[in-house]
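Asks: File work-v5.cif follows (mmCIF, C-alpha atoms):
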```cif
data_work
loop_
_atom_site.group_PDB
_atom_site.id
_atom_site.type_symbol
_atom_site.label_atom_id
_atom_site.label_comp_id
_atom_site.auth_asym_id
_atom_site.auth_seq_id
_atom_site.Cartn_x
_atom_site.Cartn_y
_atom_site.Cartn_z
ATOM 1 C CA MET A 1 -14.501 -20.490 -6.087
ATOM 2 C CA ALA A 2 -15.620 -20.150 -2.481
ATOM 3 C CA ASP A 3 -12.336 -21.578 -1.235
ATOM 4 C CA ASP A 4 -10.219 -19.722 -3.793
ATOM 5 C CA ARG A 5 -8.442 -17.746 -1.118
ATOM 6 C CA LEU A 6 -5.292 -15.786 -1.582
ATOM 7 C CA ILE A 7 -2.702 -16.665 1.051
ATOM 8 C CA ILE A 8 0.386 -14.551 1.672
ATOM 9 C CA ALA A 9 2.769 -15.214 4.547
ATOM 10 C CA GLY A 10 0.095 -17.293 6.277
ATOM 11 C CA ARG A 11 -2.531 -14.557 5.997
ATOM 12 C CA GLU A 12 -5.730 -15.293 4.138
ATOM 13 C CA PHE A 13 -7.401 -12.743 1.889
ATOM 14 C CA LYS A 14 -10.903 -13.010 0.478
ATOM 15 C CA SER A 15 -10.531 -10.398 -2.215
ATOM 16 C CA ARG A 16 -8.136 -10.462 -5.133
ATOM 17 C CA LEU A 17 -8.708 -6.785 -5.710
ATOM 18 C CA TRP A 18 -6.693 -4.543 -3.423
ATOM 19 C CA VAL A 19 -7.228 -0.799 -3.447
ATOM 20 C CA GLY A 20 -5.456 2.392 -2.507
ATOM 21 C CA THR A 21 -7.094 5.172 -0.528
ATOM 22 C CA GLY A 22 -5.603 8.251 -2.197
ATOM 23 C CA LYS A 23 -7.083 10.856 -4.539
ATOM 24 C CA TYR A 24 -10.701 10.580 -3.426
ATOM 25 C CA LYS A 25 -12.917 13.638 -2.984
ATOM 26 C CA ASP A 26 -13.374 12.918 0.729
ATOM 27 C CA PHE A 27 -13.357 10.082 3.256
ATOM 28 C CA VAL A 28 -17.005 9.238 2.629
ATOM 29 C CA GLU A 29 -16.299 8.642 -1.048
ATOM 30 C CA THR A 30 -13.188 6.647 -0.099
ATOM 31 C CA GLN A 31 -15.245 4.451 2.200
ATOM 32 C CA LYS A 32 -18.025 3.887 -0.341
ATOM 33 C CA ALA A 33 -15.623 3.102 -3.176
ATOM 34 C CA ILE A 34 -13.751 0.569 -1.068
ATOM 35 C CA GLU A 35 -17.006 -1.066 -0.101
ATOM 36 C CA ALA A 36 -18.165 -1.194 -3.736
ATOM 37 C CA SER A 37 -14.855 -2.740 -4.772
ATOM 38 C CA GLY A 38 -15.217 -5.588 -2.291
ATOM 39 C CA ALA A 39 -11.519 -5.248 -1.427
ATOM 40 C CA ASP A 40 -10.335 -6.419 1.971
ATOM 41 C CA VAL A 41 -6.853 -4.947 1.707
ATOM 42 C CA VAL A 42 -6.387 -1.191 1.502
ATOM 43 C CA THR A 43 -3.139 0.690 1.173
ATOM 44 C CA VAL A 44 -2.367 3.829 3.141
ATOM 45 C CA ALA A 45 0.513 6.263 3.236
ATOM 46 C CA VAL A 46 2.437 7.478 6.286
ATOM 47 C CA ARG A 47 2.631 11.230 6.743
ATOM 48 C CA ARG A 48 2.976 13.917 9.400
ATOM 49 C CA VAL A 49 -0.147 14.397 11.487
ATOM 50 C CA ASN A 50 -1.709 17.851 11.143
ATOM 51 C CA ILE A 51 -0.917 19.392 14.528
ATOM 52 C CA THR A 52 -2.453 22.806 13.892
ATOM 53 C CA ASP A 53 -5.908 21.718 12.785
ATOM 54 C CA ARG A 54 -7.141 18.782 14.824
ATOM 55 C CA SER A 55 -10.698 19.112 13.567
ATOM 56 C CA LYS A 56 -9.858 17.134 10.451
ATOM 57 C CA ASP A 57 -11.135 13.577 10.302
ATOM 58 C CA ASN A 58 -8.889 10.571 10.424
ATOM 59 C CA LEU A 59 -8.934 8.077 7.555
ATOM 60 C CA LEU A 60 -9.114 5.186 10.007
ATOM 61 C CA ASP A 61 -12.415 6.549 11.330
ATOM 62 C CA TYR A 62 -13.813 5.576 7.938
ATOM 63 C CA ILE A 63 -11.865 2.414 7.221
ATOM 64 C CA ASP A 64 -12.168 0.031 10.115
ATOM 65 C CA PRO A 65 -8.843 -1.741 10.716
ATOM 66 C CA LYS A 66 -10.830 -4.653 12.150
ATOM 67 C CA LYS A 67 -12.629 -5.099 8.850
ATOM 68 C CA TYR A 68 -9.779 -4.379 6.443
ATOM 69 C CA THR A 69 -6.133 -5.274 6.313
ATOM 70 C CA ILE A 70 -4.367 -1.935 6.395
ATOM 71 C CA LEU A 71 -1.307 -2.104 4.195
ATOM 72 C CA PRO A 72 1.003 0.871 4.767
ATOM 73 C CA ASN A 73 3.238 1.855 1.892
ATOM 74 C CA THR A 74 6.445 3.809 1.584
ATOM 75 C CA ALA A 75 5.052 6.032 -1.157
ATOM 76 C CA GLY A 76 7.190 9.039 -1.903
ATOM 77 C CA CYS A 77 10.448 7.438 -0.761
ATOM 78 C CA TYR A 78 13.343 7.761 -3.183
ATOM 79 C CA THR A 79 16.124 6.355 -1.021
ATOM 80 C CA VAL A 80 16.725 3.118 0.882
ATOM 81 C CA GLU A 81 17.090 5.113 4.114
ATOM 82 C CA ASP A 82 13.722 6.838 3.697
ATOM 83 C CA ALA A 83 11.915 3.645 2.725
ATOM 84 C CA VAL A 84 13.313 1.839 5.774
ATOM 85 C CA ARG A 85 12.490 4.788 8.060
ATOM 86 C CA TYR A 86 8.890 5.028 6.813
ATOM 87 C CA SER A 87 8.426 1.262 7.118
ATOM 88 C CA ARG A 88 9.544 1.387 10.749
ATOM 89 C CA LEU A 89 7.225 4.335 11.405
ATOM 90 C CA ALA A 90 4.345 2.478 9.754
ATOM 91 C CA ARG A 91 4.948 -0.498 12.007
ATOM 92 C CA ALA A 92 5.109 1.750 15.066
ATOM 93 C CA ALA A 93 1.842 3.470 14.095
ATOM 94 C CA GLY A 94 0.012 0.343 13.059
ATOM 95 C CA LEU A 95 -0.528 -3.129 14.260
ATOM 96 C CA SER A 96 1.302 -5.348 11.835
ATOM 97 C CA ASP A 97 4.593 -6.092 10.137
ATOM 98 C CA LEU A 98 3.113 -5.729 6.665
ATOM 99 C CA VAL A 99 4.556 -3.106 4.385
ATOM 100 C CA LYS A 100 4.187 -2.353 0.712
ATOM 101 C CA LEU A 101 7.733 -1.332 -0.049
ATOM 102 C CA GLU A 102 8.353 1.340 -2.664
ATOM 103 C CA VAL A 103 11.745 2.799 -3.474
ATOM 104 C CA LEU A 104 11.198 5.141 -6.374
ATOM 105 C CA GLY A 105 13.706 5.920 -9.092
ATOM 106 C CA ASP A 106 12.602 9.294 -10.385
ATOM 107 C CA GLU A 107 9.705 11.696 -10.176
ATOM 108 C CA LYS A 108 8.709 11.600 -13.812
ATOM 109 C CA THR A 109 8.215 7.860 -14.236
ATOM 110 C CA LEU A 110 7.911 6.792 -10.591
ATOM 111 C CA PHE A 111 9.517 3.575 -11.752
ATOM 112 C CA PRO A 112 10.991 1.535 -8.913
ATOM 113 C CA ASP A 113 14.692 1.797 -8.148
ATOM 114 C CA THR A 114 15.064 -1.960 -8.078
ATOM 115 C CA ALA A 115 18.608 -1.969 -6.683
ATOM 116 C CA GLY A 116 17.430 0.196 -3.783
ATOM 117 C CA LEU A 117 14.314 -1.926 -3.426
ATOM 118 C CA ILE A 118 16.295 -5.129 -2.936
ATOM 119 C CA GLU A 119 18.622 -3.419 -0.452
ATOM 120 C CA ALA A 120 15.735 -1.988 1.589
ATOM 121 C CA ALA A 121 13.846 -5.286 1.475
ATOM 122 C CA LYS A 122 16.863 -7.137 2.881
ATOM 123 C CA ILE A 123 17.106 -4.750 5.839
ATOM 124 C CA LEU A 124 13.380 -4.903 6.598
ATOM 125 C CA ILE A 125 13.067 -8.682 6.257
ATOM 126 C CA LYS A 126 15.903 -9.022 8.763
ATOM 127 C CA GLU A 127 13.833 -6.853 11.131
ATOM 128 C CA GLY A 128 10.830 -9.139 10.779
ATOM 129 C CA PHE A 129 8.796 -7.175 8.265
ATOM 130 C CA ILE A 130 6.526 -8.888 5.756
ATOM 131 C CA VAL A 131 7.721 -7.046 2.682
ATOM 132 C CA LEU A 132 5.468 -6.773 -0.360
ATOM 133 C CA PRO A 133 7.697 -5.042 -2.902
ATOM 134 C CA TYR A 134 6.426 -2.744 -5.638
ATOM 135 C CA THR A 135 8.725 -3.669 -8.489
ATOM 136 C CA ASN A 136 9.270 -3.374 -12.195
ATOM 137 C CA ASP A 137 8.006 -5.995 -14.654
ATOM 138 C CA ASP A 138 11.475 -7.526 -14.573
ATOM 139 C CA PRO A 139 11.514 -11.314 -14.019
ATOM 140 C CA ILE A 140 15.092 -11.336 -12.714
ATOM 141 C CA VAL A 141 14.413 -8.698 -10.074
ATOM 142 C CA ALA A 142 11.175 -10.489 -9.113
ATOM 143 C CA LYS A 143 13.135 -13.688 -8.569
ATOM 144 C CA LYS A 144 15.769 -11.894 -6.493
ATOM 145 C CA LEU A 145 13.064 -10.391 -4.284
ATOM 146 C CA VAL A 146 11.601 -13.842 -3.660
ATOM 147 C CA ASP A 147 15.061 -15.298 -3.002
ATOM 148 C CA ILE A 148 15.704 -12.776 -0.223
ATOM 149 C CA GLY A 149 12.381 -13.584 1.439
ATOM 150 C CA CYS A 150 9.532 -11.526 -0.009
ATOM 151 C CA PRO A 151 6.329 -13.606 0.297
ATOM 152 C CA ALA A 152 4.792 -11.941 -2.782
ATOM 153 C CA VAL A 153 5.893 -9.575 -5.517
ATOM 154 C CA MET A 154 4.033 -6.616 -6.955
ATOM 155 C CA PRO A 155 5.145 -5.884 -10.490
ATOM 156 C CA LEU A 156 3.700 -2.835 -12.204
ATOM 157 C CA ALA A 157 1.426 -3.010 -15.235
ATOM 158 C CA ALA A 158 2.459 0.513 -16.295
ATOM 159 C CA PRO A 159 3.687 3.691 -14.556
ATOM 160 C CA ILE A 160 1.736 4.661 -11.439
ATOM 161 C CA GLY A 161 -1.416 6.594 -12.270
ATOM 162 C CA SER A 162 -0.812 6.333 -16.033
ATOM 163 C CA GLY A 163 -3.827 4.163 -16.820
ATOM 164 C CA LEU A 164 -1.893 2.626 -19.710
ATOM 165 C CA GLY A 165 -2.793 -0.952 -18.831
ATOM 166 C CA ILE A 166 -0.396 -3.866 -19.089
ATOM 167 C CA ARG A 167 2.599 -2.627 -21.077
ATOM 168 C CA ASN A 168 4.535 -5.860 -21.107
ATOM 169 C CA PRO A 169 2.289 -8.890 -20.796
ATOM 170 C CA TYR A 170 5.104 -11.240 -21.823
ATOM 171 C CA ASN A 171 7.330 -10.147 -18.963
ATOM 172 C CA LEU A 172 4.444 -10.519 -16.537
ATOM 173 C CA LYS A 173 3.801 -14.021 -17.853
ATOM 174 C CA ILE A 174 7.456 -14.930 -17.378
ATOM 175 C CA ILE A 175 7.279 -13.624 -13.784
ATOM 176 C CA MET A 176 4.147 -15.693 -13.173
ATOM 177 C CA GLU A 177 5.857 -18.795 -14.546
ATOM 178 C CA THR A 178 9.157 -18.412 -12.772
ATOM 179 C CA VAL A 179 8.212 -16.978 -9.409
ATOM 180 C CA LYS A 180 6.466 -19.307 -7.008
ATOM 181 C CA VAL A 181 4.854 -16.755 -4.727
ATOM 182 C CA PRO A 182 1.673 -14.722 -5.264
ATOM 183 C CA ILE A 183 1.972 -12.019 -7.935
ATOM 184 C CA ILE A 184 -0.002 -8.844 -7.358
ATOM 185 C CA VAL A 185 -0.114 -6.606 -10.412
ATOM 186 C CA ASP A 186 0.242 -3.112 -9.032
ATOM 187 C CA ALA A 187 -0.145 0.261 -10.732
ATOM 188 C CA GLY A 188 -0.974 1.381 -14.245
ATOM 189 C CA VAL A 189 -4.390 -0.232 -14.635
ATOM 190 C CA GLY A 190 -6.774 2.069 -16.515
ATOM 191 C CA THR A 191 -10.061 0.270 -16.796
ATOM 192 C CA ALA A 192 -11.833 -2.991 -16.039
ATOM 193 C CA SER A 193 -10.473 -4.930 -19.012
ATOM 194 C CA ASP A 194 -6.892 -4.216 -17.852
ATOM 195 C CA ALA A 195 -7.659 -5.806 -14.490
ATOM 196 C CA ALA A 196 -9.411 -8.760 -16.118
ATOM 197 C CA LEU A 197 -6.434 -9.307 -18.427
ATOM 198 C CA ALA A 198 -3.994 -9.285 -15.518
ATOM 199 C CA MET A 199 -6.057 -11.963 -13.795
ATOM 200 C CA GLU A 200 -6.455 -13.992 -17.013
ATOM 201 C CA TYR A 201 -2.679 -14.016 -17.398
ATOM 202 C CA GLY A 202 -2.507 -15.628 -13.977
ATOM 203 C CA ALA A 203 -1.952 -12.781 -11.548
ATOM 204 C CA ASP A 204 -3.046 -13.655 -8.015
ATOM 205 C CA ALA A 205 -4.410 -10.179 -7.320
ATOM 206 C CA VAL A 206 -4.499 -6.643 -8.669
ATOM 207 C CA LEU A 207 -3.844 -3.464 -6.699
ATOM 208 C CA MET A 208 -5.075 -0.120 -7.959
ATOM 209 C CA ASN A 209 -5.951 3.377 -6.810
ATOM 210 C CA THR A 210 -6.149 6.004 -9.551
ATOM 211 C CA ALA A 211 -8.197 3.843 -11.953
ATOM 212 C CA ILE A 212 -11.009 3.921 -9.396
ATOM 213 C CA ALA A 213 -10.476 7.233 -7.599
ATOM 214 C CA GLY A 214 -9.844 9.122 -10.830
ATOM 215 C CA ALA A 215 -12.825 7.719 -12.733
ATOM 216 C CA GLN A 216 -15.739 10.060 -13.389
ATOM 217 C CA ASP A 217 -17.867 7.803 -11.204
ATOM 218 C CA PRO A 218 -15.501 6.141 -8.715
ATOM 219 C CA LEU A 219 -18.182 3.984 -7.097
ATOM 220 C CA ALA A 220 -19.317 2.523 -10.425
ATOM 221 C CA MET A 221 -15.697 1.904 -11.443
ATOM 222 C CA ALA A 222 -14.993 0.230 -8.106
ATOM 223 C CA GLU A 223 -17.833 -2.171 -8.790
ATOM 224 C CA ALA A 224 -16.649 -2.729 -12.378
ATOM 225 C CA MET A 225 -13.191 -3.602 -11.060
ATOM 226 C CA LYS A 226 -14.669 -6.084 -8.606
ATOM 227 C CA TYR A 227 -16.390 -7.964 -11.441
ATOM 228 C CA ALA A 228 -13.386 -7.652 -13.758
ATOM 229 C CA VAL A 229 -11.014 -9.206 -11.233
ATOM 230 C CA HIS A 230 -13.518 -11.933 -10.437
ATOM 231 C CA ALA A 231 -14.221 -12.667 -14.122
ATOM 232 C CA GLY A 232 -10.527 -12.693 -14.967
ATOM 233 C CA ARG A 233 -9.797 -15.090 -12.139
ATOM 234 C CA LEU A 234 -12.639 -17.418 -13.195
ATOM 235 C CA ALA A 235 -11.466 -17.377 -16.813
ATOM 236 C CA TYR A 236 -7.902 -18.146 -15.732
ATOM 237 C CA LYS A 237 -9.060 -21.084 -13.616
ATOM 238 C CA ALA A 238 -11.415 -22.274 -16.371
ATOM 239 C CA GLY A 239 -8.598 -22.402 -18.929
ATOM 240 C CA ARG A 240 -9.098 -20.575 -22.174
ATOM 241 C CA ILE A 241 -9.241 -22.227 -25.599
ATOM 242 C CA PRO A 242 -6.112 -22.088 -27.721
ATOM 243 C CA ARG A 243 -5.905 -19.428 -30.413
ATOM 244 C CA LYS A 244 -6.204 -20.774 -33.960
ATOM 245 C CA LEU A 245 -5.757 -19.084 -37.294
ATOM 246 C CA TYR A 246 -8.840 -20.604 -38.954
ATOM 247 C CA ALA A 247 -12.432 -21.142 -37.986
ATOM 248 C CA THR A 248 -13.738 -24.246 -36.244
ATOM 249 C CA ALA A 249 -17.468 -24.761 -36.663
ATOM 250 C CA SER A 250 -19.409 -25.050 -33.450
ATOM 251 C CA SER A 251 -22.450 -26.669 -35.094
ATOM 252 C CA PRO A 252 -22.274 -30.216 -36.519
ATOM 253 C CA ILE A 253 -22.302 -30.846 -40.299
ATOM 254 C CA GLU A 254 -24.321 -34.014 -39.723
ATOM 255 C CA GLY A 255 -28.060 -33.643 -40.415
ATOM 256 C CA MET A 256 -27.608 -30.856 -42.917
ATOM 257 C CA LEU A 257 -29.553 -31.028 -46.212
ATOM 258 C CA MET B 1 6.975 31.829 30.182
ATOM 259 C CA GLN B 2 9.020 30.307 32.906
ATOM 260 C CA ASP B 3 10.628 26.929 32.536
ATOM 261 C CA ALA B 4 9.736 26.825 28.901
ATOM 262 C CA ILE B 5 11.477 24.619 26.382
ATOM 263 C CA HIS B 6 11.807 25.208 22.679
ATOM 264 C CA ILE B 7 11.120 22.169 20.556
ATOM 265 C CA HIS B 8 10.231 21.344 16.976
ATOM 266 C CA VAL B 9 7.060 19.346 16.376
ATOM 267 C CA ASN B 10 6.539 18.160 12.793
ATOM 268 C CA GLY B 11 8.947 20.818 11.641
ATOM 269 C CA GLN B 12 7.193 23.664 13.470
ATOM 270 C CA ALA B 13 8.907 25.604 16.250
ATOM 271 C CA ARG B 14 6.916 25.349 19.472
ATOM 272 C CA THR B 15 7.352 26.502 23.009
ATOM 273 C CA TRP B 16 6.315 23.921 25.545
ATOM 274 C CA ARG B 17 6.258 23.592 29.285
ATOM 275 C CA SER B 18 9.316 22.034 30.782
ATOM 276 C CA GLY B 19 8.875 18.589 32.285
ATOM 277 C CA ALA B 20 6.294 17.536 29.722
ATOM 278 C CA THR B 21 6.599 14.023 28.318
ATOM 279 C CA VAL B 22 5.815 12.810 24.837
ATOM 280 C CA ALA B 23 2.489 11.518 26.187
ATOM 281 C CA ASP B 24 1.699 14.998 27.577
ATOM 282 C CA LEU B 25 2.554 16.587 24.243
ATOM 283 C CA LEU B 26 0.206 14.238 22.373
ATOM 284 C CA GLN B 27 -2.534 14.862 24.880
ATOM 285 C CA ASP B 28 -2.095 18.630 24.645
ATOM 286 C CA LEU B 29 -2.253 18.379 20.857
ATOM 287 C CA ASP B 30 -5.383 16.236 21.093
ATOM 288 C CA ILE B 31 -3.771 13.320 19.265
ATOM 289 C CA ARG B 32 -4.823 9.760 20.011
ATOM 290 C CA THR B 33 -1.735 7.725 20.744
ATOM 291 C CA GLU B 34 -2.986 4.428 19.330
ATOM 292 C CA ARG B 35 -2.869 5.640 15.750
ATOM 293 C CA VAL B 36 0.417 7.469 15.511
ATOM 294 C CA ALA B 37 4.112 6.815 15.463
ATOM 295 C CA VAL B 38 6.430 9.210 17.245
ATOM 296 C CA GLU B 39 10.030 9.873 16.380
ATOM 297 C CA LEU B 40 12.077 11.737 18.975
ATOM 298 C CA ASN B 41 15.359 13.017 17.565
ATOM 299 C CA LEU B 42 15.177 10.299 14.882
ATOM 300 C CA GLU B 43 14.521 7.517 17.409
ATOM 301 C CA ILE B 44 11.192 5.765 16.899
ATOM 302 C CA LEU B 45 9.536 5.396 20.273
ATOM 303 C CA ASP B 46 7.645 2.420 21.626
ATOM 304 C CA ARG B 47 4.083 3.597 22.306
ATOM 305 C CA ALA B 48 4.254 2.118 25.802
ATOM 306 C CA THR B 49 7.092 4.486 26.712
ATOM 307 C CA PHE B 50 5.497 7.790 25.648
ATOM 308 C CA ASP B 51 4.882 8.782 29.269
ATOM 309 C CA GLN B 52 8.452 7.968 30.264
ATOM 310 C CA ARG B 53 10.082 10.234 27.728
ATOM 311 C CA PRO B 54 10.457 13.795 29.002
ATOM 312 C CA LEU B 55 11.035 16.474 26.384
ATOM 313 C CA LYS B 56 14.033 18.730 26.592
ATOM 314 C CA ASP B 57 15.087 21.939 24.940
ATOM 315 C CA GLY B 58 15.973 21.491 21.275
ATOM 316 C CA ASP B 59 14.151 18.201 20.805
ATOM 317 C CA ARG B 60 12.791 17.385 17.405
ATOM 318 C CA VAL B 61 9.553 15.448 17.501
ATOM 319 C CA GLU B 62 7.847 13.920 14.495
ATOM 320 C CA ILE B 63 4.297 12.626 14.817
ATOM 321 C CA LEU B 64 3.084 10.535 11.916
ATOM 322 C CA GLY B 65 -0.097 8.699 11.058
ATOM 323 C CA PHE B 66 -1.848 7.029 8.156
ATOM 324 C CA ILE B 67 -3.419 9.024 5.358
ATOM 325 C CA GLY B 68 -5.041 8.109 2.075
ATOM 326 C CA GLY B 69 -2.580 6.815 -0.450
ATOM 327 C CA GLY B 70 -2.108 4.312 -3.204
ATOM 328 C CA SER B 71 1.271 4.454 -4.764
ATOM 329 C CA PHE B 72 3.129 7.674 -5.302
#
```
Will you turn the file into structure tokens for me?

Replies:
Amino acid sequence: MADDRLIIAGREFKSRLWVGTGKYKDFVETQKAIEASGADVVTVAVRRVNITDRSKDNLLDYIDPKKYTILPNTAGCYTVEDAVRYSRLARAAGLSDLVKLEVLGDEKTLFPDTAGLIEAAKILIKEGFIVLPYTNDDPIVAKKLVDIGCPAVMPLAAPIGSGLGIRNPYNLKIIMETVKVPIIVDAGVGTASDAALAMEYGADAVLMNTAIAGAQDPLAMAEAMKYAVHAGRLAYKAGRIPRKLYATASSPIEGML
Amino acid sequence: MQDAIHIHVNGQARTWRSGATVADLLQDLDIRTERVAVELNLEILDRATFDQRPLKDGDRVEILGFIGGGSF
């Protein structure tokens, strides 16, 4: 599996676990959890700088942009205009054209507004952005996003921060079959088995934040997620046995008394 | 204060010295330019031009950077 690299838009990634940087106790915990997870892609949000209290630390003092791919998101954006504006700001503040595009539908579910998502993605792709869209587990929308030029799609497992695990494995499987770009299952993972399942189904990577940051022991959960994603990937590549209704003996009858 | 201008920085009303550029403002606020994006009256500025953009009365400046976040 040494050469089992994930490649998106010509960029190579070592880790198939990507993590968010929100909800941690402090930057030290953030840094340690990311290290324990083995992730090499971390998502960040774009917000106003605190201009009154400059004593506060900067996240990027703890997460070295030379060591990690910093993936800015448009978290909190409910309109196409906002998502496009934040993407442009992220590019101006950062060093790359990568953006995890979110256009949210409503505050209660945080489900993506997929019509807005496609519209915003079109604008940004035209401006040279590498758009990784956070989308619903809808195979038709996933295909549309690929058709307009997204080099990967990020369907949700369940609502953001819900920890419900994969709500619609059949839709995810259809997306994996029909879409020929990397699939990153994003949001809704609750525990290690959820991440392993996503990988066993054939996801190319899993992105999570709350499942790790919200765990009672975030560092231990980060490590659990690392193994889960790795195990799930190995199992997927190994090819599981078919399910059968009845038993099949694993010991030979021959030689029995 | 003589030759003062009234501007908004990240939504807060501020009085600043006239003739100051965006680069001066960032320096005065102790903000490292390489990690922020600046929007001046809704126009996103190229970092290389911060010192060529003088501020004028009524300007609205937004200074943004990266913070911890997953999805929202």

Asks: With 10 Å as the threshold, what does the neighbourhood of (10.2, 25.3, 20.3) contain in terms of residues, counting all atoms listed in the file? Coordinates are those of the file; answer as number ranges by chain.

Replies: B: 4-9, 11-17, 56-60

Asks: Can you spit out the residues from that selection as a PDB file, in the frame of the given file, using C-alpha atoms?

Replies:
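Output contents, as saved in selection-v9.pdb:
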```pdb
ATOM      1  CA  ALA B   4       9.736  26.825  28.901  1.00  0.00           C
ATOM      2  CA  ILE B   5      11.477  24.619  26.382  1.00  0.00           C
ATOM      3  CA  HIS B   6      11.807  25.208  22.679  1.00  0.00           C
ATOM      4  CA  ILE B   7      11.120  22.169  20.556  1.00  0.00           C
ATOM      5  CA  HIS B   8      10.231  21.344  16.976  1.00  0.00           C
ATOM      6  CA  VAL B   9       7.060  19.346  16.376  1.00  0.00           C
ATOM      7  CA  GLY B  11       8.947  20.818  11.641  1.00  0.00           C
ATOM      8  CA  GLN B  12       7.193  23.664  13.470  1.00  0.00           C
ATOM      9  CA  ALA B  13       8.907  25.604  16.250  1.00  0.00           C
ATOM     10  CA  ARG B  14       6.916  25.349  19.472  1.00  0.00           C
ATOM     11  CA  THR B  15       7.352  26.502  23.009  1.00  0.00           C
ATOM     12  CA  TRP B  16       6.315  23.921  25.545  1.00  0.00           C
ATOM     13  CA  ARG B  17       6.258  23.592  29.285  1.00  0.00           C
ATOM     14  CA  LYS B  56      14.033  18.730  26.592  1.00  0.00           C
ATOM     15  CA  ASP B  57      15.087  21.939  24.940  1.00  0.00           C
ATOM     16  CA  GLY B  58      15.973  21.491  21.275  1.00  0.00           C
ATOM     17  CA  ASP B  59      14.151  18.201  20.805  1.00  0.00           C
ATOM     18  CA  ARG B  60      12.791  17.385  17.405  1.00  0.00           C
TER      19      ARG B  60
END
```

Asks: Expand the PyMOL selection byres ((chain B and resi 24-28) around 12) into the individual residues it matches in the shown file, reporting them as a ChimeraX atom specification.

Replies: /A:49-52,54 /B:7-9,14-23,29-38,40,47,49-56,61-64

Asks: Those selected residues, please, written with C-alpha atoms and delivered as an mmCIF file, keeping the file's coordinate frame.

Replies:
```
data_model
loop_
_atom_site.group_PDB
_atom_site.id
_atom_site.type_symbol
_atom_site.label_atom_id
_atom_site.label_comp_id
_atom_site.auth_asym_id
_atom_site.auth_seq_id
_atom_site.Cartn_x
_atom_site.Cartn_y
_atom_site.Cartn_z
ATOM 1 C CA VAL A 49 -0.147 14.397 11.487
ATOM 2 C CA ASN A 50 -1.709 17.851 11.143
ATOM 3 C CA ILE A 51 -0.917 19.392 14.528
ATOM 4 C CA THR A 52 -2.453 22.806 13.892
ATOM 5 C CA ARG A 54 -7.141 18.782 14.824
ATOM 6 C CA ILE B 7 11.120 22.169 20.556
ATOM 7 C CA HIS B 8 10.231 21.344 16.976
ATOM 8 C CA VAL B 9 7.060 19.346 16.376
ATOM 9 C CA ARG B 14 6.916 25.349 19.472
ATOM 10 C CA THR B 15 7.352 26.502 23.009
ATOM 11 C CA TRP B 16 6.315 23.921 25.545
ATOM 12 C CA ARG B 17 6.258 23.592 29.285
ATOM 13 C CA SER B 18 9.316 22.034 30.782
ATOM 14 C CA GLY B 19 8.875 18.589 32.285
ATOM 15 C CA ALA B 20 6.294 17.536 29.722
ATOM 16 C CA THR B 21 6.599 14.023 28.318
ATOM 17 C CA VAL B 22 5.815 12.810 24.837
ATOM 18 C CA ALA B 23 2.489 11.518 26.187
ATOM 19 C CA LEU B 29 -2.253 18.379 20.857
ATOM 20 C CA ASP B 30 -5.383 16.236 21.093
ATOM 21 C CA ILE B 31 -3.771 13.320 19.265
ATOM 22 C CA ARG B 32 -4.823 9.760 20.011
ATOM 23 C CA THR B 33 -1.735 7.725 20.744
ATOM 24 C CA GLU B 34 -2.986 4.428 19.330
ATOM 25 C CA ARG B 35 -2.869 5.640 15.750
ATOM 26 C CA VAL B 36 0.417 7.469 15.511
ATOM 27 C CA ALA B 37 4.112 6.815 15.463
ATOM 28 C CA VAL B 38 6.430 9.210 17.245
ATOM 29 C CA LEU B 40 12.077 11.737 18.975
ATOM 30 C CA ARG B 47 4.083 3.597 22.306
ATOM 31 C CA THR B 49 7.092 4.486 26.712
ATOM 32 C CA PHE B 50 5.497 7.790 25.648
ATOM 33 C CA ASP B 51 4.882 8.782 29.269
ATOM 34 C CA GLN B 52 8.452 7.968 30.264
ATOM 35 C CA ARG B 53 10.082 10.234 27.728
ATOM 36 C CA PRO B 54 10.457 13.795 29.002
ATOM 37 C CA LEU B 55 11.035 16.474 26.384
ATOM 38 C CA LYS B 56 14.033 18.730 26.592
ATOM 39 C CA VAL B 61 9.553 15.448 17.501
ATOM 40 C CA GLU B 62 7.847 13.920 14.495
ATOM 41 C CA ILE B 63 4.297 12.626 14.817
ATOM 42 C CA LEU B 64 3.084 10.535 11.916
#
```

Asks: Please list as a compact mmCIF listing (two decimals) with C-alpha atoms, in the frame of the given file every residue within 6 Å of Glu102 of chain A, counting all atoms listed in the file and excluding residues in the same chain fewer than 2 positions away.

Replies:
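The resulting file, part_37.txt, is reproduced below:
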```
# COMPACT_ATOMS: atom_id res chain seq x y z
CA THR A 74 6.44 3.81 1.58
CA ALA A 75 5.05 6.03 -1.16
CA TYR A 134 6.43 -2.74 -5.64
```

Asks: To one decimal place, how far is atom CA of Glu223 of chain A from atom CA of Arg240 of chain A in Å?

Replies: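 These two atoms are separated by 24.4 Å.
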
Asks: As an exercise, work out the distance from atom CA of Ala115 of chain A to atom CA of Leu164 of chain A in Å and give it to one decimal place.

Replies: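 One can read the atom CA of Ala115 of chain A to atom CA of Leu164 of chain A distance as 24.7 Å.
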
Asks: Please compute the atom CA of Tyr227 of chain A-atom CA of Ala36 of chain A distance, one decimal, in Å.

Replies: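 Between atom CA of Tyr227 of chain A and atom CA of Ala36 of chain A the gap works out to 10.4 Å.
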
Asks: Kindly indicate which residue among B:Leu45, B:Asp3, B:Glu39, B:Gly69 lies nearest to chain A, using only C-alpha atoms for the distances.

Replies: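 The shortest atom-to-atom distance to chain A comes from B:Gly69.
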
Asks: Give the centre and edge lengths of an axis-aligned box, in Å to one decimal, that holds all listed atoms of segment 232-247 of chain A with 6 Å on each side, as lines of an AutoDock Vina configuration file.

Replies:
```
center_x = -9.2
center_y = -17.5
center_z = -25.5
size_x = 18.9
size_y = 21.7
size_z = 38.8
```
